[in-house]
>>> print(open('protein26.tsv').read())   # TSV, C-alpha atoms
chain	number	residue	atom	x	y	z
A	170	MET	CA	-10.61	213.33	-49.54
A	171	ALA	CA	-10.31	213.72	-53.28
A	172	ALA	CA	-13.15	212.42	-55.43
A	173	ILE	CA	-13.82	212.00	-59.12
A	174	THR	CA	-17.12	213.79	-59.63
A	175	ALA	CA	-17.56	213.67	-63.41
A	176	GLY	CA	-16.15	212.50	-66.71
A	177	VAL	CA	-16.09	214.43	-69.98
A	178	GLY	CA	-15.56	213.03	-73.46
A	179	SER	CA	-14.63	215.42	-76.25
A	180	SER	CA	-13.06	215.54	-79.67
A	181	HIS	CA	-9.93	217.68	-79.94
A	182	VAL	CA	-9.89	218.74	-83.61
A	183	PRO	CA	-7.07	221.27	-84.18
A	184	ALA	CA	-9.13	223.34	-86.62
A	185	ILE	CA	-11.56	224.14	-83.77
A	186	GLY	CA	-8.71	225.77	-81.87
A	187	ALA	CA	-7.64	227.66	-84.98
A	188	ALA	CA	-11.22	228.86	-85.49
A	189	GLN	CA	-11.34	230.18	-81.94
A	190	ASP	CA	-7.90	231.77	-82.13
A	191	ASN	CA	-8.78	233.52	-85.41
A	192	GLY	CA	-12.15	234.86	-84.27
A	193	LYS	CA	-14.23	232.59	-86.50
A	194	LEU	CA	-16.57	231.18	-83.87
A	195	GLY	CA	-19.46	233.16	-85.35
A	196	ASP	CA	-19.01	231.58	-88.81
A	197	ALA	CA	-21.83	229.29	-89.91
A	198	TYR	CA	-19.37	226.37	-90.12
A	199	TRP	CA	-18.09	226.64	-86.53
A	200	LYS	CA	-21.05	228.15	-84.70
A	201	PRO	CA	-22.98	224.88	-84.16
A	202	ILE	CA	-19.87	223.18	-82.77
A	203	PHE	CA	-19.33	225.74	-80.04
A	204	ALA	CA	-23.07	225.90	-79.40
A	205	GLY	CA	-22.98	222.17	-78.72
A	206	TYR	CA	-20.79	222.91	-75.70
A	207	ASP	CA	-22.92	225.79	-74.34
A	208	TRP	CA	-24.66	223.47	-71.88
A	209	SER	CA	-21.31	222.08	-70.71
A	210	ARG	CA	-19.72	225.50	-70.20
A	211	HIS	CA	-22.65	226.46	-68.00
A	212	TRP	CA	-22.53	223.13	-66.18
A	213	ILE	CA	-18.80	223.33	-65.45
A	214	ASP	CA	-19.18	226.88	-64.10
A	215	ASN	CA	-21.18	225.28	-61.30
A	216	ALA	CA	-19.34	221.95	-61.12
A	217	LYS	CA	-16.06	223.84	-60.53
A	218	PRO	CA	-13.47	221.07	-60.71
A	219	ASP	CA	-10.27	221.79	-58.83
A	220	VAL	CA	-8.30	219.44	-61.05
A	221	VAL	CA	-8.89	217.92	-64.47
A	222	ILE	CA	-6.99	214.75	-65.35
A	223	LEU	CA	-6.93	215.34	-69.10
A	224	VAL	CA	-6.34	212.23	-71.19
A	225	TYR	CA	-5.21	213.11	-74.70
A	226	ASN	CA	-2.66	212.15	-77.29
A	227	ASP	CA	0.36	214.15	-78.31
A	228	HIS	CA	0.56	214.69	-82.09
A	229	ALA	CA	4.32	214.70	-82.64
A	230	SER	CA	4.72	217.77	-80.43
A	231	ALA	CA	6.24	216.68	-77.11
A	232	PHE	CA	7.25	213.27	-78.46
A	233	SER	CA	9.25	212.83	-81.64
A	234	GLN	CA	10.14	209.39	-82.93
A	235	ASP	CA	13.04	209.30	-80.46
A	236	VAL	CA	10.97	208.41	-77.40
A	237	ILE	CA	7.37	207.13	-77.53
A	238	PRO	CA	5.82	206.41	-74.13
A	239	THR	CA	2.56	204.48	-74.08
A	240	PHE	CA	1.29	206.35	-71.00
A	241	ALA	CA	2.94	209.59	-69.84
A	242	ILE	CA	1.75	211.71	-66.92
A	243	GLY	CA	2.55	215.39	-66.45
A	244	CYS	CA	3.98	216.09	-63.00
A	245	ALA	CA	5.30	219.59	-63.75
A	246	GLU	CA	4.16	222.89	-62.22
A	247	SER	CA	2.97	224.09	-65.62
A	248	PHE	CA	2.78	223.14	-69.29
A	249	ALA	CA	3.25	225.57	-72.17
A	250	PRO	CA	1.15	225.41	-75.35
A	251	ALA	CA	3.29	223.75	-78.03
A	252	ASP	CA	4.43	225.29	-81.31
A	253	GLU	CA	2.99	222.72	-83.72
A	254	GLY	CA	4.40	224.41	-86.79
A	255	TRP	CA	2.38	227.62	-86.93
A	256	GLY	CA	3.30	229.13	-83.55
A	257	PRO	CA	1.84	228.24	-80.13
A	258	ARG	CA	-1.90	228.75	-79.63
A	259	PRO	CA	-2.56	232.06	-77.85
A	260	VAL	CA	-4.16	230.33	-74.87
A	261	PRO	CA	-3.15	230.44	-71.19
A	262	VAL	CA	-0.30	228.32	-69.85
A	263	VAL	CA	-1.73	225.15	-68.33
A	264	GLU	CA	-1.18	224.99	-64.58
A	265	GLY	CA	-0.49	221.51	-63.23
A	266	HIS	CA	-1.12	219.94	-59.83
A	267	PRO	CA	2.25	218.29	-59.09
A	268	GLU	CA	1.26	216.99	-55.67
A	269	LEU	CA	-1.75	215.06	-56.93
A	270	ALA	CA	0.09	214.09	-60.12
A	271	TRP	CA	2.94	212.53	-58.13
A	272	HIS	CA	0.50	210.78	-55.84
A	273	ILE	CA	-1.33	209.30	-58.86
A	274	THR	CA	1.97	208.37	-60.53
A	275	GLN	CA	3.23	206.47	-57.50
A	276	SER	CA	-0.10	204.77	-57.03
A	277	LEU	CA	-0.31	203.74	-60.71
A	278	ILE	CA	3.20	202.33	-60.84
A	279	LEU	CA	2.58	200.30	-57.69
A	280	ALA	CA	-0.65	199.11	-59.34
A	281	GLU	CA	1.59	197.81	-62.17
A	282	PHE	CA	1.03	200.58	-64.73
A	283	ASP	CA	4.51	201.60	-65.89
A	284	MET	CA	3.99	205.33	-66.29
A	285	THR	CA	6.46	207.71	-67.92
A	286	ILE	CA	6.97	210.74	-65.68
A	287	MET	CA	7.03	214.11	-67.44
A	288	ASN	CA	8.65	216.92	-65.47
A	289	ARG	CA	8.68	219.12	-68.54
A	290	MET	CA	6.25	218.90	-71.44
A	291	ASP	CA	4.62	221.24	-73.94
A	292	VAL	CA	0.99	220.44	-74.65
A	293	ASP	CA	-0.56	220.54	-78.11
A	294	HIS	CA	-4.09	220.92	-79.51
A	295	GLY	CA	-5.03	217.49	-78.16
A	296	LEU	CA	-5.05	219.04	-74.69
A	297	THR	CA	-5.80	222.72	-75.31
A	298	VAL	CA	-8.77	222.36	-77.70
A	299	PRO	CA	-10.93	220.51	-75.13
A	300	LEU	CA	-10.02	223.20	-72.57
A	301	SER	CA	-11.16	225.87	-75.04
A	302	LEU	CA	-14.42	224.05	-75.77
A	303	MET	CA	-15.21	223.55	-72.09
A	304	PHE	CA	-13.95	226.84	-70.67
A	305	GLY	CA	-14.07	229.29	-73.61
A	306	ALA	CA	-11.31	231.87	-73.75
A	307	PRO	CA	-10.50	232.93	-70.15
A	308	ASP	CA	-7.34	234.80	-69.10
A	309	ALA	CA	-6.35	231.77	-67.02
A	310	TRP	CA	-7.76	228.23	-67.07
A	311	PRO	CA	-10.13	227.88	-64.09
A	312	ALA	CA	-8.84	224.41	-63.10
A	313	LYS	CA	-5.49	222.76	-62.58
A	314	VAL	CA	-4.72	220.15	-65.22
A	315	ILE	CA	-2.82	216.88	-65.03
A	316	PRO	CA	-1.98	215.92	-68.63
A	317	LEU	CA	-2.07	212.20	-69.32
A	318	ALA	CA	-0.67	211.50	-72.78
A	319	VAL	CA	-1.45	208.20	-74.50
A	320	ASN	CA	0.36	206.92	-77.58
A	321	VAL	CA	-2.20	206.30	-80.31
A	322	ILE	CA	0.06	207.24	-83.25
A	323	GLN	CA	2.75	204.56	-83.27
A	324	TYR	CA	1.14	201.13	-83.64
A	325	PRO	CA	0.29	199.40	-81.37
A	326	PRO	CA	-1.43	201.75	-78.93
A	327	PRO	CA	-2.64	200.33	-75.63
A	328	THR	CA	-5.75	198.18	-75.97
A	329	ALA	CA	-9.20	199.47	-75.12
A	330	ASN	CA	-9.31	197.08	-72.17
A	331	ARG	CA	-5.94	198.29	-70.86
A	332	CYS	CA	-7.14	201.87	-71.08
A	333	TYR	CA	-10.29	201.06	-69.12
A	334	LYS	CA	-8.21	199.38	-66.41
A	335	LEU	CA	-5.91	202.41	-66.23
A	336	GLY	CA	-9.01	204.48	-65.57
A	337	GLU	CA	-9.96	202.17	-62.72
A	338	ALA	CA	-6.46	202.51	-61.26
A	339	ILE	CA	-6.66	206.30	-61.55
A	340	ALA	CA	-9.92	206.22	-59.59
A	341	ALA	CA	-8.26	204.21	-56.82
A	342	ALA	CA	-5.30	206.61	-56.80
A	343	VAL	CA	-7.50	209.71	-56.51
A	344	ALA	CA	-9.61	208.10	-53.77
A	345	SER	CA	-6.47	207.54	-51.67
A	346	TYR	CA	-5.27	211.16	-51.93
A	347	PRO	CA	-5.53	212.83	-48.53
A	348	GLY	CA	-6.40	216.34	-49.74
A	349	ASP	CA	-9.94	217.55	-50.40
A	350	LEU	CA	-10.21	217.94	-54.17
A	351	ASN	CA	-12.98	217.89	-56.77
A	352	VAL	CA	-11.48	215.97	-59.70
A	353	GLN	CA	-12.78	215.37	-63.20
A	354	VAL	CA	-11.36	213.00	-65.78
A	355	TRP	CA	-11.63	213.93	-69.44
A	356	GLY	CA	-11.12	211.53	-72.33
A	357	THR	CA	-10.43	213.23	-75.64
A	358	GLY	CA	-9.96	212.52	-79.34
A	359	GLY	CA	-12.20	210.89	-81.93
A	360	MET	CA	-14.83	210.41	-82.90
A	361	SER	CA	-14.72	208.62	-86.28
A	362	HIS	CA	-12.13	210.09	-88.63
A	363	GLN	CA	-9.36	209.00	-90.94
A	364	LEU	CA	-6.62	211.31	-92.24
A	365	THR	CA	-4.74	209.11	-94.71
A	366	GLY	CA	-5.41	206.68	-97.55
A	367	THR	CA	-8.20	206.65	-100.10
A	368	ARG	CA	-10.67	206.04	-97.25
A	369	ALA	CA	-9.77	209.42	-95.68
A	370	GLY	CA	-12.84	211.38	-94.72
A	371	LEU	CA	-14.52	208.32	-93.23
A	372	ILE	CA	-17.36	209.17	-90.85
A	373	ASN	CA	-19.32	206.38	-89.18
A	374	THR	CA	-22.21	207.96	-87.33
A	375	PRO	CA	-23.90	204.64	-86.43
A	376	PHE	CA	-20.67	203.45	-84.77
A	377	ASP	CA	-20.14	206.77	-82.98
A	378	THR	CA	-23.72	206.69	-81.69
A	379	MET	CA	-23.27	203.12	-80.48
A	380	PHE	CA	-20.05	204.14	-78.71
A	381	LEU	CA	-21.75	207.06	-76.93
A	382	ASP	CA	-24.71	204.86	-75.95
A	383	LYS	CA	-22.54	202.08	-74.55
A	384	LEU	CA	-20.40	204.37	-72.41
A	385	THR	CA	-23.29	204.15	-69.97
A	386	ALA	CA	-25.27	201.11	-71.18
A	387	ASP	CA	-22.52	198.56	-71.78
A	388	PRO	CA	-18.90	199.76	-71.43
A	389	ALA	CA	-17.72	196.13	-71.37
A	390	ALA	CA	-18.65	195.90	-75.06
A	391	LEU	CA	-16.33	198.85	-75.86
A	392	ARG	CA	-13.50	197.32	-73.81
A	393	SER	CA	-13.61	194.15	-75.84
A	394	LEU	CA	-13.26	195.80	-79.26
A	395	SER	CA	-9.88	195.18	-80.93
A	396	HIS	CA	-7.61	197.72	-82.58
A	397	ALA	CA	-8.79	196.42	-85.96
A	398	ASP	CA	-12.41	196.93	-84.89
A	399	TYR	CA	-11.73	200.56	-84.00
A	400	VAL	CA	-9.79	201.23	-87.21
A	401	ARG	CA	-12.35	199.45	-89.40
A	402	GLU	CA	-15.36	201.20	-87.91
A	403	ALA	CA	-14.02	204.56	-86.72
A	404	GLY	CA	-11.06	205.10	-89.08
A	405	SER	CA	-7.34	205.02	-88.47
A	406	GLU	CA	-7.45	208.12	-86.26
A	407	GLY	CA	-10.74	207.01	-84.69
A	408	MET	CA	-8.46	204.72	-82.69
A	409	GLU	CA	-8.20	207.75	-80.37
A	410	LEU	CA	-11.50	206.64	-78.86
A	411	VAL	CA	-9.64	204.19	-76.61
A	412	MET	CA	-8.70	207.28	-74.57
A	413	TRP	CA	-12.36	207.84	-73.71
A	414	LEU	CA	-12.29	204.48	-71.95
A	415	ILE	CA	-9.69	205.75	-69.46
A	416	MET	CA	-12.23	208.41	-68.51
A	417	ARG	CA	-15.04	205.87	-68.39
A	418	GLY	CA	-13.01	203.40	-66.30
A	419	ALA	CA	-12.34	206.15	-63.76
A	420	LEU	CA	-16.07	206.63	-63.11
A	421	GLY	CA	-16.73	203.21	-61.59
A	422	ARG	CA	-19.12	200.46	-62.62
A	423	ASP	CA	-22.18	202.60	-63.30
A	424	ALA	CA	-22.34	206.05	-64.84
A	425	GLY	CA	-25.15	208.34	-65.90
A	426	GLU	CA	-25.26	210.66	-68.90
A	427	LEU	CA	-25.94	214.36	-68.31
A	428	HIS	CA	-25.33	215.74	-71.79
A	429	ARG	CA	-24.40	214.65	-75.29
A	430	PHE	CA	-23.53	216.45	-78.51
A	431	TYR	CA	-22.62	215.10	-81.93
A	432	HIS	CA	-21.85	217.00	-85.09
A	433	VAL	CA	-20.34	216.34	-88.53
A	434	PRO	CA	-17.96	217.74	-89.60
A	435	ALA	CA	-15.17	219.72	-88.03
A	436	SER	CA	-12.62	219.65	-90.83
A	437	ASN	CA	-12.09	215.87	-91.29
A	438	THR	CA	-13.73	214.68	-88.11
A	439	ALA	CA	-16.99	213.79	-86.39
A	440	VAL	CA	-17.20	215.86	-83.20
A	441	GLY	CA	-18.50	213.96	-80.21
A	442	HIS	CA	-19.00	215.20	-76.68
A	443	ILE	CA	-20.50	213.66	-73.56
A	444	VAL	CA	-20.75	214.52	-69.88
A	445	LEU	CA	-21.02	211.61	-67.44
A	446	VAL	CA	-21.27	211.29	-63.68
A	447	PRO	CA	-20.55	208.26	-61.50
A	448	GLU	CA	-23.61	206.50	-60.12
A	449	PRO	CA	-22.63	204.83	-56.86
B	187	MET	CA	-1.33	192.25	-89.40
B	188	PRO	CA	-3.75	190.69	-91.91
B	189	GLU	CA	-6.80	192.19	-90.22
B	190	PHE	CA	-5.53	195.67	-91.10
B	191	ALA	CA	-4.67	194.69	-94.69
B	192	ASP	CA	-8.34	193.74	-95.06
B	193	ILE	CA	-9.48	197.32	-94.41
B	194	PRO	CA	-9.70	199.17	-97.75
B	195	GLY	CA	-7.67	202.35	-98.36
B	196	THR	CA	-6.20	202.32	-94.85
B	197	SER	CA	-2.78	201.86	-93.27
B	198	VAL	CA	-1.49	201.89	-89.72
B	199	PHE	CA	1.86	203.37	-88.69
B	200	ASN	CA	3.65	200.21	-87.59
B	201	GLY	CA	7.26	199.45	-86.75
B	202	ASN	CA	8.30	198.94	-90.37
B	203	ARG	CA	7.01	202.38	-91.30
B	204	ALA	CA	8.65	203.91	-88.26
B	205	ARG	CA	12.02	202.42	-89.25
B	206	GLN	CA	11.62	203.53	-92.85
B	207	GLY	CA	10.54	207.06	-91.92
B	208	TYR	CA	12.63	207.84	-88.86
B	209	HIS	CA	14.90	210.50	-90.39
B	210	LEU	CA	12.09	211.96	-92.50
B	211	ASN	CA	9.86	212.31	-89.47
B	212	GLN	CA	12.64	213.81	-87.38
B	213	PHE	CA	13.25	216.38	-90.14
B	214	CYS	CA	9.54	217.26	-89.94
B	215	MET	CA	9.84	217.56	-86.17
B	216	SER	CA	12.59	220.17	-86.58
B	217	LEU	CA	10.00	222.46	-88.21
B	218	MET	CA	8.39	223.02	-84.82
B	219	LYS	CA	10.97	225.76	-84.26
B	220	ALA	CA	10.27	229.08	-86.00
B	221	ALA	CA	13.97	229.63	-86.74
B	222	ASN	CA	14.17	226.26	-88.50
B	223	ARG	CA	11.03	226.99	-90.52
B	224	GLU	CA	12.59	230.24	-91.73
B	225	ARG	CA	15.86	228.55	-92.59
B	226	PHE	CA	14.07	225.73	-94.44
B	227	LEU	CA	11.94	228.10	-96.51
B	228	ALA	CA	14.94	230.32	-97.31
B	229	ASP	CA	17.01	227.43	-98.74
B	230	GLU	CA	15.22	224.09	-98.84
B	231	ALA	CA	18.04	222.18	-100.52
B	232	ALA	CA	20.63	223.27	-97.96
B	233	TYR	CA	18.32	222.49	-95.05
B	234	LEU	CA	17.36	219.08	-96.40
B	235	ALA	CA	21.03	218.21	-96.96
B	236	GLU	CA	21.44	218.24	-93.17
B	237	TRP	CA	19.12	215.24	-92.84
B	238	ARG	CA	19.72	211.61	-93.73
B	239	LEU	CA	16.85	211.34	-96.18
B	240	THR	CA	16.66	208.95	-99.10
B	241	GLU	CA	16.51	210.60	-102.52
B	242	ARG	CA	12.83	209.65	-102.83
B	243	GLN	CA	12.05	211.17	-99.43
B	244	ARG	CA	13.96	214.35	-100.27
B	245	GLN	CA	12.17	214.69	-103.61
B	246	ALA	CA	8.79	214.09	-101.98
B	247	VAL	CA	9.48	216.95	-99.55
B	248	VAL	CA	10.59	219.26	-102.38
B	249	ASP	CA	7.49	218.32	-104.41
B	250	ARG	CA	5.19	218.54	-101.36
B	251	ASP	CA	3.93	215.14	-102.50
B	252	TYR	CA	2.17	214.06	-99.32
B	253	GLY	CA	1.09	210.71	-100.72
B	254	ALA	CA	4.73	209.89	-101.47
B	255	LEU	CA	5.78	211.13	-98.03
B	256	LEU	CA	3.39	208.59	-96.48
B	257	THR	CA	4.62	205.69	-98.63
B	258	GLN	CA	8.20	206.67	-97.76
B	259	GLY	CA	7.57	206.21	-94.05
B	260	GLY	CA	6.26	209.64	-93.14
B	261	ASN	CA	3.67	209.76	-90.38
B	262	ILE	CA	0.71	212.06	-91.00
B	263	PHE	CA	1.18	214.08	-87.81
B	264	PHE	CA	4.84	214.65	-88.62
B	265	ILE	CA	4.44	215.51	-92.31
B	266	LEU	CA	1.64	217.95	-91.47
B	267	LYS	CA	4.38	220.15	-90.00
B	268	ILE	CA	5.58	220.77	-93.57
B	269	ALA	CA	2.05	221.88	-94.46
B	270	ALA	CA	1.95	224.12	-91.38
B	271	THR	CA	5.27	225.66	-92.46
B	272	ASP	CA	3.73	226.40	-95.86
B	273	GLY	CA	0.53	227.73	-94.31
B	274	ARG	CA	-1.46	224.94	-96.00
B	275	SER	CA	-4.56	223.51	-94.34
B	276	VAL	CA	-4.76	220.01	-92.89
B	277	GLN	CA	-7.91	219.32	-94.85
B	278	SER	CA	-6.26	220.09	-98.19
B	279	VAL	CA	-3.48	217.62	-97.42
B	280	VAL	CA	-5.97	214.94	-96.38
B	281	ALA	CA	-8.01	215.53	-99.53
B	282	SER	CA	-4.89	214.93	-101.63
B	283	PHE	CA	-4.87	211.25	-100.57
B	284	THR	CA	-8.37	210.55	-101.84
B	285	GLY	CA	-8.34	211.28	-105.56
B	286	GLN	CA	-10.90	214.01	-104.94
B	287	THR	CA	-10.30	217.71	-105.40
B	288	GLN	CA	-10.17	219.73	-102.20
B	289	GLU	CA	-13.55	221.24	-103.10
B	290	GLU	CA	-15.13	217.83	-103.68
B	291	TYR	CA	-13.65	216.50	-100.44
B	292	ALA	CA	-14.80	219.50	-98.39
B	293	ALA	CA	-18.31	219.20	-99.84
B	294	MET	CA	-18.36	215.49	-99.01
B	295	MET	CA	-17.41	216.23	-95.41
B	296	VAL	CA	-20.10	218.90	-95.04
B	297	ALA	CA	-22.60	216.39	-96.44
B	298	GLY	CA	-21.73	213.92	-93.65
B	299	GLY	CA	-18.39	212.45	-94.68
B	300	ARG	CA	-17.44	209.20	-96.40
B	301	ALA	CA	-19.86	206.48	-95.29
B	302	ALA	CA	-18.31	203.26	-93.99
B	303	VAL	CA	-20.66	201.04	-95.96
B	304	GLY	CA	-18.58	198.83	-98.28
B	305	LEU	CA	-15.32	200.23	-96.86
B	306	ARG	CA	-14.88	198.04	-93.79
B	307	SER	CA	-13.58	194.75	-95.17
B	308	ILE	CA	-12.31	193.69	-98.55
B	309	LEU	CA	-12.88	190.00	-97.86
B	310	ARG	CA	-16.36	190.35	-96.44
B	311	GLY	CA	-17.42	193.15	-98.79
B	312	ILE	CA	-19.07	195.13	-96.00
>>> encode(input="protein26.tsv", output="C-alpha cells")
Amino acid sequence: MAAITAGVGSSHVPAIGAAQDNGKLGDAYWKPIFAGYDWSRHWIDNAKPDVVILVYNDHASAFSQDVIPTFAIGCAESFAPADEGWGPRPVPVVEGHPELAWHITQSLILAEFDMTIMNRMDVDHGLTVPLSLMFGAPDAWPAKVIPLAVNVIQYPPPTANRCYKLGEAIAAAVASYPGDLNVQVWGTGGMSHQLTGTRAGLINTPFDTMFLDKLTADPAALRSLSHADYVREAGSEGMELVMWLIMRGALGRDAGELHRFYHVPASNTAVGHIVLVPEP
Amino acid sequence: MPEFADIPGTSVFNGNRARQGYHLNQFCMSLMKAANRERFLADEAAYLAEWRLTERQRQAVVDRDYGALLTQGGNIFFILKIAATDGRSVQSVVASFTGQTQEEYAAMMVAGGRAAVGLRSILRGI
C-alpha cells in the first residue's frame, strides 16, 4: 500500500529559481543557500519518493482574482511551469500522478474537505523552486508531483489548525490507496518575510527557530496560533507557514527531525528548510 | 480586523482591497502573456484604456508608483507583474515601500533583516 515516508519543509523564494536559471549558484550570495540543501539532495537520492504531494501557494499565476480556491489539488497528467511575467522557468514539465490525485481528492471530499479539482494548471515558483532546491537541475523531475495549492494571498487563508487537519486527512487518504507507492509531503513558503508596508524586510529569527523546533516538539502550539499571530511575528507573507502544517499533519502524531537549515536572506526572505520522518 | 490594525506598517489583502483593486489586478494578470507585455510597453496609454481603472490607478501604473498601486487596491503579487514586465527586481519594489533606498534595504537584509522588536504591536509597544 501507499505510505507517507517523509515530510519536507522549504521556502520557495522566486529569486532562488532565478539565480539557478541564470547560472548564479556559485555567487557568494546564493552559494550558502544551495549548500544548505546538499544534505537533502543526497538524502532524497536514496529516499527515492515515487510521488511528492507538494503544498504551495500560487502567486497570481494559475488563479487571478476571478476564482480563488482555498484548497486546490492538481489531478492533471502534467503541469507546465507558469509565465509569471518574465517567461516560464526553464525547468522540466511537472509530471502528475492522476490516479493517486483522484483517490486523494475523493477521500478528502468525503472527509469534508471541499477541494477544488484542477484538471489543468500551470505551476509557478512556489512549486518549482522547492523542486529545484531538492533535486537540482535534472532533465526530468525524478518524482511525480501532486500540486496542492493553498490560498494565502486573499484574506482570510485557511487557519493553521485547518491546515493541520487537512494533512491528517491526506495521510488517511494515502494509507487507503491500494497501489504500492513511496509518498512524501512537502510544505513550502515562509519563513518570516514581509513584502509590503514600512515593515517590509521583517525577519524574525527567534520565531522561525521556535516554529522549526515545535514541528517536532509541540505542533499543537503551532496549530493554535491565529492569523494575526503569524502576521505579527512572521510578517504578512510569513502567513505562508500555515502550509508547513499540512505537511506536518500528514506525518502523524510524532515526527523526528533528520535535517534543518536556516539562512538569512534570500532577497526579502528568511530561508528555512527541514526534513522530517514519521515516528510510529 | 482590529488585531491587524495593531501591527505597525502592515496590511492584509482583505475583501475591501480585493473589491477596490479587482480591475487593476486583472490588468496586471494580463501581463503574464508575452504578447500583452509587448503591446503594453509599445503603447501604455492605449493598453491601459482597455481596462476599467480609476484615474488614480491608471496614473499609478504610468508612474510605476508601487506604493500608490497598493493603496489603490493592488495586490503585491499582481503588481509585481508590472515590475517583471519592466525587468525590475522584486527587492527594489519592496524597498520602495520602506523609505529606504534600495542599497540601504539590501544591506539591511544581508545584515539579518528588519528585527521584529518594537514592530509587533502598536498598543503593547512590543
>>> residues_around(input="protein26.tsv", residues="Asp283 in chain A", least_positions_apart="5", cutoff="12 Å", atoms="all atoms listed in the file", output="ChimeraX atom specification")
/A:238-242,273-278,335,338
>>> interface_residues(input="protein26.tsv", of="chain B", to="chain A", cutoff="7 Å", atoms="only C-alpha atoms", output="PyMOL selection string")
chain B and resi 189-190+193-200+208+212+215+217-218+263-264+267+270-271+277+280+283-284+295-296+298-302+306
>>> write_last_selection(input="protein26.tsv", atoms="C-alpha atoms", output="CSV table (one decimal), keeping the file's coordinate frame")
chain,number,residue,atom,x,y,z
B,189,GLU,CA,-6.8,192.2,-90.2
B,190,PHE,CA,-5.5,195.7,-91.1
B,193,ILE,CA,-9.5,197.3,-94.4
B,194,PRO,CA,-9.7,199.2,-97.8
B,195,GLY,CA,-7.7,202.4,-98.4
B,196,THR,CA,-6.2,202.3,-94.8
B,197,SER,CA,-2.8,201.9,-93.3
B,198,VAL,CA,-1.5,201.9,-89.7
B,199,PHE,CA,1.9,203.4,-88.7
B,200,ASN,CA,3.6,200.2,-87.6
B,208,TYR,CA,12.6,207.8,-88.9
B,212,GLN,CA,12.6,213.8,-87.4
B,215,MET,CA,9.8,217.6,-86.2
B,217,LEU,CA,10.0,222.5,-88.2
B,218,MET,CA,8.4,223.0,-84.8
B,263,PHE,CA,1.2,214.1,-87.8
B,264,PHE,CA,4.8,214.6,-88.6
B,267,LYS,CA,4.4,220.2,-90.0
B,270,ALA,CA,2.0,224.1,-91.4
B,271,THR,CA,5.3,225.7,-92.5
B,277,GLN,CA,-7.9,219.3,-94.8
B,280,VAL,CA,-6.0,214.9,-96.4
B,283,PHE,CA,-4.9,211.2,-100.6
B,284,THR,CA,-8.4,210.6,-101.8
B,295,MET,CA,-17.4,216.2,-95.4
B,296,VAL,CA,-20.1,218.9,-95.0
B,298,GLY,CA,-21.7,213.9,-93.6
B,299,GLY,CA,-18.4,212.4,-94.7
B,300,ARG,CA,-17.4,209.2,-96.4
B,301,ALA,CA,-19.9,206.5,-95.3
B,302,ALA,CA,-18.3,203.3,-94.0
B,306,ARG,CA,-14.9,198.0,-93.8
>>> residues_around(input="protein26.tsv", residues="Asn330 in chain A", least_positions_apart="3", cutoff="12 Å", atoms="all atoms listed in the file", output="list in words")
Pro326, Pro327, Tyr333, Lys334, Leu335, Gly336, Glu337, Pro388, Ala389, Ala390, Leu391, Arg392, Ser393, Leu394, Ser395, His396, Leu410, Val411, Met412, Trp413, Leu414, Ile415, Arg417 and Gly418 of chain A
>>> residues_around(input="protein26.tsv", residues="Thr240 in chain B", least_positions_apart="3", cutoff="9 Å", atoms="only C-alpha atoms", output="number ranges by chain")
B: 210, 243-245, 258
>>> atom_distance(input="protein26.tsv", atom1="CA of Glu230 in chain B", atom2="CA of Ser216 in chain B")
13.1 Å
>>> closest_residue(input="protein26.tsv", among="A:Val263, A:Met287, A:Tyr225, A:Gly178", to="Arg429 in chain A", atoms="all atoms listed in the file")
A:Gly178
>>> atom_distance(input="protein26.tsv", atom1="CA of Thr174 in chain A", atom2="CA of Pro447 in chain A")
6.8 Å
>>> closest_residue(input="protein26.tsv", among="B:Phe213, B:Ala220, B:Val303, B:Ala191", to="Ala235 in chain B", atoms="all atoms listed in the file")
B:Phe213
>>> closest_residue(input="protein26.tsv", among="B:Ser282, B:Ser275, B:Tyr291, B:Leu305", to="Ala187 in chain A", atoms="only C-alpha atoms")
B:Ser275
>>> residues_near_point(input="protein26.tsv", point="(-0.3, 213.5, -74.7)", cutoff="7 Å", atoms="only C-alpha atoms", output="VMD selection string")
chain A and resid 225 to 227 316 to 319
>>> write_last_selection(input="protein26.tsv", atoms="C-alpha atoms", output="short mmCIF file (atom, residue, chain, number, x, y, z; two decimals), in the coordinates of the input")
data_model
loop_
_atom_site.label_atom_id
_atom_site.label_comp_id
_atom_site.auth_asym_id
_atom_site.auth_seq_id
_atom_site.Cartn_x
_atom_site.Cartn_y
_atom_site.Cartn_z
CA TYR A 225 -5.21 213.11 -74.70
CA ASN A 226 -2.66 212.15 -77.29
CA ASP A 227 0.36 214.15 -78.31
CA PRO A 316 -1.98 215.92 -68.63
CA LEU A 317 -2.07 212.20 -69.32
CA ALA A 318 -0.67 211.50 -72.78
CA VAL A 319 -1.45 208.20 -74.50
#
>>> atom_distance(input="protein26.tsv", atom1="CA of Pro311 in chain A", atom2="CA of Asn191 in chain A")
22.1 Å
>>> closest_residue(input="protein26.tsv", among="B:Pro188, B:Gly273, B:Gly201, B:Gly253", to="Leu227 in chain B", atoms="all atoms listed in the file")
B:Gly273
>>> closest_residue(input="protein26.tsv", among="B:Ile312, B:Ile268, B:Leu255, B:Ala246", to="Asn222 in chain B", atoms="all atoms listed in the file")
B:Ile268
